[in-house]
>>> print(open('input05.cif').read())   # mmCIF, C-alpha atoms
data_protein
loop_
_atom_site.label_atom_id
_atom_site.label_comp_id
_atom_site.auth_asym_id
_atom_site.auth_seq_id
_atom_site.Cartn_x
_atom_site.Cartn_y
_atom_site.Cartn_z
CA MET A 28 -24.14 -60.78 -121.01
CA SER A 29 -21.24 -58.36 -120.87
CA GLU A 30 -18.58 -58.66 -118.18
CA PHE A 31 -16.37 -55.82 -116.98
CA ALA A 32 -12.65 -55.67 -116.37
CA ARG A 33 -12.07 -53.98 -113.03
CA ILE A 34 -9.20 -51.49 -113.27
CA PRO A 35 -8.11 -49.50 -110.19
CA MET A 36 -9.13 -45.85 -110.46
CA GLN A 37 -8.44 -42.77 -108.39
CA PHE A 38 -9.11 -39.06 -108.74
CA VAL A 39 -5.97 -36.92 -108.72
CA GLY A 40 -5.64 -33.23 -107.99
CA PRO A 41 -6.90 -30.68 -107.64
CA MET A 42 -4.99 -28.90 -110.35
CA ARG A 43 -5.47 -25.26 -111.28
CA LEU A 44 -6.47 -24.61 -114.90
CA SER A 45 -7.15 -21.46 -116.88
CA GLY A 46 -7.81 -20.65 -120.51
CA GLN A 47 -10.49 -20.28 -123.17
CA VAL A 48 -12.87 -22.95 -121.91
CA VAL A 49 -11.73 -23.87 -118.38
CA GLU A 50 -11.15 -21.82 -115.27
CA GLY A 51 -10.77 -23.12 -111.74
CA GLU A 52 -9.59 -26.10 -109.74
CA PHE A 53 -10.33 -29.60 -111.01
CA GLU A 54 -9.81 -33.20 -110.01
CA VAL A 55 -9.55 -35.82 -112.78
CA PRO A 56 -9.89 -39.62 -112.73
CA LEU A 57 -7.14 -41.99 -113.85
CA ALA A 58 -7.75 -45.74 -114.24
CA THR A 59 -4.47 -47.65 -114.24
CA TYR A 60 -2.57 -50.63 -112.90
CA GLU A 61 0.53 -48.44 -112.54
CA SER A 62 -0.17 -47.17 -109.05
CA PRO A 63 2.82 -44.74 -108.85
CA LEU A 64 1.08 -42.71 -111.54
CA TRP A 65 -1.46 -41.29 -109.06
CA PRO A 66 1.02 -39.70 -106.62
CA SER A 67 3.18 -38.59 -109.53
CA VAL A 68 0.34 -36.71 -111.26
CA ASN A 69 -0.76 -35.44 -107.85
CA ARG A 70 2.68 -33.89 -107.35
CA GLY A 71 2.41 -32.05 -110.65
CA ALA A 72 -1.10 -30.93 -109.71
CA ARG A 73 0.20 -29.60 -106.38
CA VAL A 74 2.78 -27.57 -108.28
CA SER A 75 0.03 -26.06 -110.46
CA MET A 76 -1.87 -25.00 -107.34
CA ASN A 77 1.16 -22.99 -106.26
CA CYS A 78 1.57 -21.15 -109.57
CA GLU A 79 -0.24 -17.85 -110.10
CA LYS A 80 -2.17 -18.70 -113.27
CA GLY A 81 -2.00 -22.46 -112.93
CA ILE A 82 -1.96 -24.50 -116.13
CA GLN A 83 -3.03 -22.40 -119.10
CA CYS A 84 -4.85 -24.48 -121.73
CA THR A 85 -5.34 -23.43 -125.34
CA VAL A 86 -7.44 -25.41 -127.82
CA VAL A 87 -5.69 -24.66 -131.10
CA ASP A 88 -7.91 -26.78 -133.37
CA ASP A 89 -10.76 -29.29 -133.28
CA ARG A 90 -11.56 -31.72 -136.10
CA MET A 91 -12.11 -35.42 -136.76
CA THR A 92 -11.22 -37.25 -139.94
CA ARG A 93 -12.10 -40.19 -142.12
CA SER A 94 -10.25 -41.02 -145.32
CA VAL A 95 -11.82 -43.00 -148.16
CA LEU A 96 -10.29 -44.77 -151.12
CA PHE A 97 -11.41 -44.82 -154.75
CA GLU A 98 -9.98 -46.67 -157.75
CA ALA A 99 -9.72 -44.80 -161.06
CA PRO A 100 -8.66 -46.11 -164.47
CA ASP A 101 -5.43 -44.11 -164.24
CA ALA A 102 -3.87 -41.09 -162.51
CA THR A 103 -5.27 -38.61 -165.07
CA ALA A 104 -8.81 -39.82 -164.44
CA ALA A 105 -8.20 -39.65 -160.67
CA LEU A 106 -7.03 -36.03 -160.97
CA GLN A 107 -9.97 -35.02 -163.14
CA ALA A 108 -12.40 -36.58 -160.67
CA LEU A 109 -10.65 -34.86 -157.76
CA GLN A 110 -10.96 -31.44 -159.41
CA LYS A 111 -14.70 -31.95 -159.92
CA ILE A 112 -15.14 -33.23 -156.36
CA ARG A 113 -13.43 -30.14 -154.96
CA ALA A 114 -15.60 -27.87 -157.09
CA GLY A 115 -18.67 -29.51 -155.57
CA MET A 116 -17.69 -28.86 -151.95
CA PRO A 117 -20.95 -27.03 -151.04
CA LYS A 118 -22.96 -30.07 -152.14
CA LEU A 119 -20.71 -32.36 -150.08
CA GLN A 120 -21.29 -30.17 -147.01
CA GLU A 121 -25.02 -30.37 -147.60
CA ILE A 122 -24.87 -34.17 -147.75
CA VAL A 123 -22.93 -34.35 -144.47
CA ALA A 124 -25.45 -32.07 -142.76
CA GLY A 125 -28.15 -34.57 -143.69
CA THR A 126 -26.39 -37.42 -141.87
CA SER A 127 -26.19 -35.83 -138.40
CA ARG A 128 -27.30 -32.80 -136.39
CA PHE A 129 -23.68 -32.16 -135.36
CA ALA A 130 -21.41 -33.32 -138.20
CA LYS A 131 -20.05 -30.54 -140.42
CA LEU A 132 -17.59 -30.99 -143.28
CA ILE A 133 -14.90 -28.33 -142.89
CA ASP A 134 -12.08 -29.44 -145.19
CA LEU A 135 -10.88 -32.00 -147.70
CA HIS A 136 -7.35 -33.23 -148.44
CA SER A 137 -6.24 -35.69 -151.08
CA GLN A 138 -3.45 -37.94 -152.30
CA ILE A 139 -3.13 -39.72 -155.65
CA ALA A 140 -0.98 -42.86 -155.78
CA GLY A 141 -0.94 -44.46 -159.21
CA ASN A 142 -4.58 -44.90 -160.14
CA LEU A 143 -5.73 -44.69 -156.51
CA LEU A 144 -7.48 -41.61 -155.14
CA PHE A 145 -7.41 -41.02 -151.37
CA LEU A 146 -9.74 -38.38 -149.91
CA ARG A 147 -9.35 -37.21 -146.31
CA PHE A 148 -12.59 -35.67 -145.08
CA GLU A 149 -12.36 -33.44 -142.00
CA PHE A 150 -15.37 -32.75 -139.78
CA THR A 151 -16.43 -31.08 -136.59
CA THR A 152 -18.50 -33.46 -134.47
CA GLY A 153 -19.91 -31.53 -131.51
CA ASP A 154 -19.25 -33.20 -128.15
CA ALA A 155 -18.66 -36.67 -129.64
CA SER A 156 -15.18 -37.93 -130.47
CA GLY A 157 -16.78 -38.63 -133.83
CA HIS A 158 -15.59 -42.05 -135.04
CA ASN A 159 -19.01 -43.34 -136.10
CA MET A 160 -20.34 -39.91 -137.06
CA CYS A 161 -17.46 -39.41 -139.50
CA THR A 162 -17.74 -42.90 -140.96
CA GLN A 163 -21.46 -42.45 -141.55
CA ALA A 164 -20.87 -39.10 -143.23
CA ALA A 165 -18.01 -40.51 -145.30
CA GLU A 166 -20.22 -43.37 -146.48
CA ALA A 167 -22.86 -40.90 -147.68
CA LEU A 168 -20.17 -38.87 -149.45
CA MET A 169 -18.77 -41.95 -151.15
CA ASN A 170 -22.21 -42.94 -152.42
CA HIS A 171 -22.70 -39.46 -153.86
CA ILE A 172 -19.26 -39.37 -155.49
CA LEU A 173 -19.66 -42.83 -157.03
CA GLU A 174 -23.03 -41.81 -158.46
CA TYR A 175 -21.71 -38.67 -160.16
CA HIS A 176 -18.25 -39.97 -161.12
CA PRO A 177 -18.76 -43.25 -163.02
CA ASP A 178 -15.03 -43.55 -163.74
CA LEU A 179 -14.40 -44.16 -160.04
CA GLN A 180 -14.90 -47.45 -158.24
CA TYR A 181 -15.25 -48.15 -154.52
CA GLY A 182 -11.94 -48.95 -152.82
CA SER A 183 -12.53 -48.74 -149.06
CA ILE A 184 -14.47 -46.72 -146.51
CA SER A 185 -11.12 -46.25 -144.73
CA GLY A 186 -7.91 -45.76 -146.67
CA ASN A 187 -5.51 -45.23 -143.72
CA TYR A 188 -4.92 -41.60 -144.72
CA CYS A 189 -7.08 -40.65 -141.70
CA SER A 190 -5.04 -41.96 -139.77
CA ASP A 191 -6.93 -43.80 -137.05
CA LYS A 192 -4.98 -45.44 -134.20
CA LYS A 193 -1.67 -45.41 -136.02
CA ALA A 194 1.48 -43.34 -135.50
CA THR A 195 1.69 -41.18 -138.63
CA ALA A 196 2.89 -37.72 -139.60
CA VAL A 197 -0.35 -36.64 -141.28
CA ASN A 198 -2.33 -36.28 -138.04
CA GLY A 199 0.13 -33.85 -136.52
CA ILE A 200 0.40 -31.86 -139.75
CA LEU A 201 -3.27 -31.66 -140.73
CA GLY A 202 -4.90 -32.33 -137.35
CA ARG A 203 -7.07 -35.10 -135.92
CA GLY A 204 -9.04 -34.61 -132.72
CA LYS A 205 -8.40 -31.72 -130.35
CA TYR A 206 -5.11 -29.86 -130.70
CA VAL A 207 -4.34 -28.69 -127.16
CA VAL A 208 -1.39 -26.87 -125.62
CA ALA A 209 -1.01 -26.77 -121.81
CA GLU A 210 1.56 -24.40 -120.27
CA LEU A 211 2.80 -23.70 -116.75
CA LEU A 212 5.24 -21.09 -115.43
CA ILE A 213 6.79 -22.45 -112.24
CA PRO A 214 8.78 -20.25 -109.83
CA GLY A 215 12.24 -21.63 -109.09
CA LYS A 216 11.47 -21.97 -105.39
CA ILE A 217 8.43 -24.14 -106.20
CA CYS A 218 10.64 -26.42 -108.32
CA SER A 219 12.97 -26.81 -105.38
CA ARG A 220 10.25 -27.32 -102.77
CA TYR A 221 7.89 -29.71 -104.55
CA LEU A 222 9.95 -31.25 -107.36
CA LYS A 223 13.30 -31.46 -105.52
CA THR A 224 15.13 -30.16 -108.57
CA THR A 225 15.94 -26.98 -110.51
CA PRO A 226 14.62 -25.45 -113.75
CA GLU A 227 18.06 -25.88 -115.32
CA LYS A 228 18.12 -29.63 -114.66
CA ILE A 229 14.64 -30.18 -116.11
CA VAL A 230 15.46 -28.12 -119.22
CA GLN A 231 18.68 -30.06 -119.78
CA LEU A 232 17.01 -33.44 -119.29
CA ASN A 233 14.17 -32.55 -121.63
CA ILE A 234 16.65 -31.68 -124.39
CA ARG A 235 18.80 -34.75 -123.87
CA LYS A 236 16.05 -37.30 -123.20
CA ASN A 237 12.88 -36.13 -124.96
CA LEU A 238 14.45 -34.37 -127.94
CA ILE A 239 17.81 -36.02 -128.64
CA GLY A 240 16.95 -39.45 -127.27
CA THR A 241 13.69 -39.60 -129.21
CA MET A 242 15.46 -38.48 -132.39
CA LEU A 243 18.05 -41.23 -131.99
CA ALA A 244 15.24 -43.73 -131.49
CA GLY A 245 13.52 -42.57 -134.67
CA GLY A 246 10.43 -41.14 -132.97
CA LEU A 247 7.67 -39.88 -135.28
CA ARG A 248 6.44 -36.36 -134.42
CA SER A 249 6.89 -37.22 -130.77
CA ALA A 250 9.19 -35.93 -128.04
CA ASN A 251 7.88 -36.73 -124.58
CA ALA A 252 8.60 -38.94 -121.59
CA HIS A 253 5.30 -40.75 -121.03
CA PHE A 254 2.20 -39.02 -122.36
CA ALA A 255 0.66 -42.46 -122.98
CA ASN A 256 0.52 -43.24 -119.24
CA MET A 257 -1.76 -40.33 -118.41
CA LEU A 258 -3.74 -40.65 -121.63
CA LEU A 259 -4.58 -44.30 -121.05
CA GLY A 260 -5.61 -43.70 -117.44
CA PHE A 261 -7.76 -40.73 -118.46
CA TYR A 262 -9.29 -42.47 -121.49
CA LEU A 263 -10.31 -45.57 -119.51
CA ALA A 264 -11.83 -43.48 -116.73
CA THR A 265 -13.87 -41.29 -119.08
CA GLY A 266 -15.18 -43.86 -121.58
CA GLN A 267 -12.90 -43.01 -124.51
CA ASP A 268 -11.62 -45.38 -127.20
CA ALA A 269 -8.33 -46.26 -125.51
CA ALA A 270 -6.67 -47.31 -128.78
CA ASN A 271 -6.53 -43.63 -129.72
CA ILE A 272 -3.61 -43.17 -127.35
CA VAL A 273 -1.50 -44.36 -130.30
CA GLU A 274 -1.84 -41.01 -132.09
CA GLY A 275 -2.69 -39.14 -128.88
CA SER A 276 0.73 -39.81 -127.40
CA GLN A 277 2.44 -38.18 -130.39
CA GLY A 278 3.18 -34.90 -128.66
CA LEU A 279 5.93 -32.54 -127.59
CA THR A 280 7.29 -31.45 -124.22
CA LEU A 281 9.04 -28.07 -124.09
CA ALA A 282 10.96 -26.63 -121.15
CA GLU A 283 12.77 -23.28 -120.82
CA GLU A 284 14.52 -21.48 -117.98
CA ARG A 285 13.12 -17.95 -117.69
CA GLY A 286 14.84 -15.71 -115.20
CA GLY A 287 15.22 -18.45 -112.62
CA ASP A 288 11.73 -19.86 -113.25
CA LEU A 289 10.67 -22.86 -115.33
CA TYR A 290 8.40 -22.58 -118.35
CA PHE A 291 6.98 -26.04 -119.00
CA SER A 292 4.49 -27.06 -121.67
CA VAL A 293 2.97 -30.08 -123.38
CA THR A 294 1.56 -29.98 -126.90
CA LEU A 295 -0.97 -32.65 -127.84
CA PRO A 296 -2.09 -32.29 -131.48
CA ASN A 297 -4.20 -35.46 -131.60
CA LEU A 298 -6.41 -35.68 -128.50
CA ILE A 299 -9.45 -37.72 -129.53
CA VAL A 300 -11.97 -37.37 -126.71
CA GLY A 301 -15.69 -36.77 -126.32
CA THR A 302 -18.33 -36.43 -123.61
CA VAL A 303 -21.12 -38.21 -125.50
CA GLY A 304 -21.28 -41.38 -127.56
CA ASN A 305 -20.21 -44.99 -127.10
CA GLY A 306 -18.84 -45.74 -123.62
CA LYS A 307 -20.25 -42.59 -122.03
CA GLY A 308 -23.45 -44.24 -120.75
CA LEU A 309 -21.68 -46.34 -118.13
CA ASP A 310 -22.56 -45.34 -114.59
CA PHE A 311 -18.98 -44.75 -113.45
CA VAL A 312 -18.22 -42.67 -116.55
CA GLN A 313 -21.28 -40.50 -115.99
CA GLU A 314 -20.29 -39.99 -112.36
CA ASN A 315 -16.74 -39.06 -113.37
CA MET A 316 -18.07 -36.57 -115.90
CA ARG A 317 -20.32 -35.07 -113.25
CA ARG A 318 -17.43 -34.67 -110.79
CA MET A 319 -15.45 -32.85 -113.48
CA GLY A 320 -18.36 -30.49 -114.16
CA LEU A 321 -19.11 -31.91 -117.60
CA ALA A 322 -22.70 -33.03 -117.05
CA GLU A 323 -24.08 -29.55 -117.72
CA THR A 324 -25.66 -28.65 -121.06
CA ARG A 325 -23.46 -26.24 -123.00
CA ASP A 326 -23.00 -25.18 -126.61
CA PRO A 327 -22.15 -28.15 -128.87
CA GLY A 328 -18.47 -28.98 -128.63
CA GLU A 329 -17.76 -26.97 -125.48
CA ASN A 330 -17.89 -29.90 -123.05
CA SER A 331 -15.58 -32.01 -125.22
CA ARG A 332 -13.09 -29.13 -125.45
CA ARG A 333 -13.24 -28.72 -121.67
CA LEU A 334 -12.58 -32.44 -121.32
CA ALA A 335 -9.59 -32.17 -123.64
CA CYS A 336 -8.16 -29.38 -121.47
CA LEU A 337 -8.57 -31.47 -118.32
CA CYS A 338 -6.80 -34.33 -120.07
CA ALA A 339 -3.95 -32.08 -121.22
CA GLY A 340 -3.61 -30.72 -117.68
CA ALA A 341 -3.23 -34.25 -116.31
CA VAL A 342 -0.65 -35.04 -118.99
CA LEU A 343 1.38 -31.96 -118.05
CA CYS A 344 1.28 -32.83 -114.35
CA GLY A 345 2.49 -36.38 -114.93
CA GLU A 346 5.13 -35.36 -117.46
CA LEU A 347 6.54 -32.67 -115.17
CA SER A 348 6.69 -34.97 -112.17
CA LEU A 349 8.44 -37.79 -114.03
CA LEU A 350 11.07 -35.53 -115.58
CA ALA A 351 11.75 -34.01 -112.17
CA ALA A 352 12.16 -37.50 -110.67
CA GLN A 353 14.58 -38.50 -113.42
CA THR A 354 16.88 -35.58 -112.65
CA ASN A 355 17.58 -37.25 -109.28
CA PRO A 356 19.48 -40.57 -109.21
CA GLY A 357 17.43 -43.40 -107.71
CA GLU A 358 14.18 -41.48 -107.20
CA LEU A 359 12.17 -43.20 -109.96
CA MET A 360 12.94 -46.78 -108.93
CA GLU A 361 12.57 -45.95 -105.25
CA ALA A 362 9.01 -44.74 -105.90
CA HIS A 363 8.14 -47.92 -107.77
CA ARG A 364 9.66 -50.14 -105.09
CA ARG A 365 7.80 -48.32 -102.35
CA ILE A 366 4.41 -47.93 -104.03
CA GLU A 367 4.14 -50.99 -106.29
CA ARG A 368 6.15 -53.51 -104.29
CA GLY A 369 5.55 -52.14 -100.81
CA GLN A 370 9.23 -52.26 -99.96
#
>>> encode(input="input05.cif", output="structure tokens")
Amino acid sequence: MSEFARIPMQFVGPMRLSGQVVEGEFEVPLATYESPLWPSVNRGARVSMNCEKGIQCTVVDDRMTRSVLFEAPDATAALQALQKIRAGMPKLQEIVAGTSRFAKLIDLHSQIAGNLLFLRFEFTTGDASGHNMCTQAAEALMNHILEYHPDLQYGSISGNYCSDKKATAVNGILGRGKYVVAELLIPGKICSRYLKTTPEKIVQLNIRKNLIGTMLAGGLRSANAHFANMLLGFYLATGQDAANIVEGSQGLTLAEERGGDLYFSVTLPNLIVGTVGNGKGLDFVQENMRRMGLAETRDPGENSRRLACLCAGAVLCGELSLLAAQTNPGELMEAHRRIERGQ
């Protein structure tokens, strides 16, 4: 019999969103032990409600990946096999279509290391995050390739060139999950009223902390203050595979002063979320999806893209609020003392 870990959860917002797939005011759930996160994200959401267009969300790309590994006699044989595999792309797409109603093979990338051949299959997966769907499709593709390329031998169903739940450069370059950008233009007077700071201070801190500080630390395709906090809270509350915050938190925060106003954006190239699949059948997850307006039947993939936009909006709200707090000496620790310790 399964037991459940009880994690405190609250809805935050509303926040105002606009864009290709979302329009309106939304509340989102965050499950976390870090209780200051709720009022912090709420503050960012309140800012969005006082901005004309709210948070504008753009889904740049949407794909899920699985890499497989073959062993060839040598690099020449690996290259020859790769050329034939690429030439047979239509057949590979046909095989994938036979494994699922929603999986579609959209691209293929490769690496040859010595006599090893790595193939990175890229799929669309409808409203599912796609872990199992992609693995099942990749298994069928491997069986086909091994049958028609006798020089190749099975290496592994996962060769780490995906890359799943690891901080790598390839995901940001080639894409894995939803690639979402969330942007907000904040009037200077709103910065002063709700964030107790100025656009200039946030821009300066973002450069010094998120860009220079992360570079000095050796960050990998990442320049943000705490994307992982909002991602974990959102993932746990919506039935996602929480380990995917590893690549999900590889994102960028940008801030510019524009005529006395603040342009603020977060870019999340690796948001791996879905509205169907493992974890989504839990009662509390279904209720959370319903409250976010994601229980309706839409075209395949639309609900998951809407969910990704809601997630990116929450990330922006929390990132904005924290950076604002860190422009003011003592504010961050005071919030933790008051909310977490009750002092």
>>> resolve_selection(input="input05.cif", expression="the PyMOL selection byres ((chain A and resi 256-259) around 12)", output="short mmCIF file (atom, residue, chain, number, x, y, z; two decimals) with C-alpha atoms, in the coordinates of the input")
data_model
loop_
_atom_site.label_atom_id
_atom_site.label_comp_id
_atom_site.auth_asym_id
_atom_site.auth_seq_id
_atom_site.Cartn_x
_atom_site.Cartn_y
_atom_site.Cartn_z
CA ILE A 34 -9.20 -51.49 -113.27
CA MET A 36 -9.13 -45.85 -110.46
CA VAL A 39 -5.97 -36.92 -108.72
CA VAL A 55 -9.55 -35.82 -112.78
CA PRO A 56 -9.89 -39.62 -112.73
CA LEU A 57 -7.14 -41.99 -113.85
CA ALA A 58 -7.75 -45.74 -114.24
CA THR A 59 -4.47 -47.65 -114.24
CA TYR A 60 -2.57 -50.63 -112.90
CA GLU A 61 0.53 -48.44 -112.54
CA SER A 62 -0.17 -47.17 -109.05
CA PRO A 63 2.82 -44.74 -108.85
CA LEU A 64 1.08 -42.71 -111.54
CA TRP A 65 -1.46 -41.29 -109.06
CA SER A 67 3.18 -38.59 -109.53
CA VAL A 68 0.34 -36.71 -111.26
CA ASN A 69 -0.76 -35.44 -107.85
CA ASN A 251 7.88 -36.73 -124.58
CA ALA A 252 8.60 -38.94 -121.59
CA HIS A 253 5.30 -40.75 -121.03
CA PHE A 254 2.20 -39.02 -122.36
CA ALA A 255 0.66 -42.46 -122.98
CA GLY A 260 -5.61 -43.70 -117.44
CA PHE A 261 -7.76 -40.73 -118.46
CA TYR A 262 -9.29 -42.47 -121.49
CA LEU A 263 -10.31 -45.57 -119.51
CA ALA A 264 -11.83 -43.48 -116.73
CA THR A 265 -13.87 -41.29 -119.08
CA GLY A 266 -15.18 -43.86 -121.58
CA GLN A 267 -12.90 -43.01 -124.51
CA ASP A 268 -11.62 -45.38 -127.20
CA ALA A 269 -8.33 -46.26 -125.51
CA ALA A 270 -6.67 -47.31 -128.78
CA ASN A 271 -6.53 -43.63 -129.72
CA ILE A 272 -3.61 -43.17 -127.35
CA VAL A 273 -1.50 -44.36 -130.30
CA GLU A 274 -1.84 -41.01 -132.09
CA GLY A 275 -2.69 -39.14 -128.88
CA SER A 276 0.73 -39.81 -127.40
CA GLN A 277 2.44 -38.18 -130.39
CA GLY A 278 3.18 -34.90 -128.66
CA LEU A 295 -0.97 -32.65 -127.84
CA ASN A 297 -4.20 -35.46 -131.60
CA LEU A 298 -6.41 -35.68 -128.50
CA ILE A 299 -9.45 -37.72 -129.53
CA VAL A 300 -11.97 -37.37 -126.71
CA ALA A 335 -9.59 -32.17 -123.64
CA LEU A 337 -8.57 -31.47 -118.32
CA CYS A 338 -6.80 -34.33 -120.07
CA ALA A 339 -3.95 -32.08 -121.22
CA GLY A 340 -3.61 -30.72 -117.68
CA ALA A 341 -3.23 -34.25 -116.31
CA VAL A 342 -0.65 -35.04 -118.99
CA LEU A 343 1.38 -31.96 -118.05
CA CYS A 344 1.28 -32.83 -114.35
CA GLY A 345 2.49 -36.38 -114.93
CA GLU A 346 5.13 -35.36 -117.46
CA LEU A 347 6.54 -32.67 -115.17
CA SER A 348 6.69 -34.97 -112.17
CA LEU A 349 8.44 -37.79 -114.03
#
>>> closest_residue(input="input05.cif", among="A:Pro117, A:Gly141, A:Gly46, A:Pro356", to="Arg332 (chain A)", atoms="only C-alpha atoms")
A:Gly46
>>> atom_distance(input="input05.cif", atom1="CA of Ala155 (chain A)", atom2="CA of Thr302 (chain A)")
6.0 Å
>>> closest_residue(input="input05.cif", among="A:Glu210, A:Glu98, A:Glu314, A:Glu121", to="Ser292 (chain A)", atoms="only C-alpha atoms")
A:Glu210
>>> residues_around(input="input05.cif", residues="Cys189 (chain A)", least_positions_apart="2", cutoff="10 Å", atoms="only C-alpha atoms", output="VMD selection string")
chain A and resid 91 to 95 145 to 149 185 to 187 191 to 193 195 197 to 198 201 to 203
>>> closest_residue(input="input05.cif", among="A:Val230, A:Leu44, A:Ala104, A:Ala322", to="Cys78 (chain A)", atoms="only C-alpha atoms")
A:Leu44
>>> atom_distance(input="input05.cif", atom1="CA of Asn237 (chain A)", atom2="CA of Thr354 (chain A)")
13.0 Å
>>> atom_distance(input="input05.cif", atom1="CA of Pro41 (chain A)", atom2="CA of Glu54 (chain A)")
4.5 Å
>>> resolve_selection(input="input05.cif", expression="the PyMOL selection byres ((chain A and resi 179-181) around 12)", output="number ranges by chain")
A: 95-109, 112, 142-145, 166, 168-178, 182-186
>>> resolve_selection(input="input05.cif", expression="the PyMOL selection byres ((chain A and resi 86) around 9)", output="number ranges by chain")
A: 46-48, 84-85, 87-89, 205-209, 332, 335-336
>>> closest_residue(input="input05.cif", among="A:Thr152, A:Thr280, A:Gln138, A:Thr225", to="Ala352 (chain A)", atoms="only C-alpha atoms")
A:Thr225
>>> residues_around(input="input05.cif", residues="Ile217 (chain A)", least_positions_apart="4", cutoff="7 Å", atoms="all atoms listed in the file", output="compact mmCIF listing (two decimals) with C-alpha atoms, in the coordinates of the input")
# COMPACT_ATOMS: atom_id res chain seq x y z
CA VAL A 74 2.78 -27.57 -108.28
CA ILE A 213 6.79 -22.45 -112.24
CA TYR A 221 7.89 -29.71 -104.55
>>> closest_residue(input="input05.cif", among="A:Val312, A:Ile122, A:Leu232, A:Leu321", to="Asn355 (chain A)", atoms="all atoms listed in the file")
A:Leu232
>>> closest_residue(input="input05.cif", among="A:Glu79, A:Leu238, A:Gly306, A:Phe31", to="Ser45 (chain A)", atoms="only C-alpha atoms")
A:Glu79
>>> residues_around(input="input05.cif", residues="Met160 (chain A)", least_positions_apart="6", cutoff="12 Å", atoms="all atoms listed in the file", output="PyMOL selection string")
chain A and resi 91-93+123-132+148-154+166-167+303-305
>>> write_last_selection(input="input05.cif", atoms="C-alpha atoms", output="PDB file, keeping the file's coordinate frame")
ATOM      1  CA  MET A  91     -12.110 -35.420-136.760  1.00  0.00           C
ATOM      2  CA  THR A  92     -11.220 -37.250-139.940  1.00  0.00           C
ATOM      3  CA  ARG A  93     -12.100 -40.190-142.120  1.00  0.00           C
ATOM      4  CA  VAL A 123     -22.930 -34.350-144.470  1.00  0.00           C
ATOM      5  CA  ALA A 124     -25.450 -32.070-142.760  1.00  0.00           C
ATOM      6  CA  GLY A 125     -28.150 -34.570-143.690  1.00  0.00           C
ATOM      7  CA  THR A 126     -26.390 -37.420-141.870  1.00  0.00           C
ATOM      8  CA  SER A 127     -26.190 -35.830-138.400  1.00  0.00           C
ATOM      9  CA  ARG A 128     -27.300 -32.800-136.390  1.00  0.00           C
ATOM     10  CA  PHE A 129     -23.680 -32.160-135.360  1.00  0.00           C
ATOM     11  CA  ALA A 130     -21.410 -33.320-138.200  1.00  0.00           C
ATOM     12  CA  LYS A 131     -20.050 -30.540-140.420  1.00  0.00           C
ATOM     13  CA  LEU A 132     -17.590 -30.990-143.280  1.00  0.00           C
ATOM     14  CA  PHE A 148     -12.590 -35.670-145.080  1.00  0.00           C
ATOM     15  CA  GLU A 149     -12.360 -33.440-142.000  1.00  0.00           C
ATOM     16  CA  PHE A 150     -15.370 -32.750-139.780  1.00  0.00           C
ATOM     17  CA  THR A 151     -16.430 -31.080-136.590  1.00  0.00           C
ATOM     18  CA  THR A 152     -18.500 -33.460-134.470  1.00  0.00           C
ATOM     19  CA  GLY A 153     -19.910 -31.530-131.510  1.00  0.00           C
ATOM     20  CA  ASP A 154     -19.250 -33.200-128.150  1.00  0.00           C
ATOM     21  CA  GLU A 166     -20.220 -43.370-146.480  1.00  0.00           C
ATOM     22  CA  ALA A 167     -22.860 -40.900-147.680  1.00  0.00           C
ATOM     23  CA  VAL A 303     -21.120 -38.210-125.500  1.00  0.00           C
ATOM     24  CA  GLY A 304     -21.280 -41.380-127.560  1.00  0.00           C
ATOM     25  CA  ASN A 305     -20.210 -44.990-127.100  1.00  0.00           C
TER      26      ASN A 305
END
>>> residues_around(input="input05.cif", residues="Arg285 (chain A)", least_positions_apart="6", cutoff="12 Å", atoms="only C-alpha atoms", output="count of residues only")
10
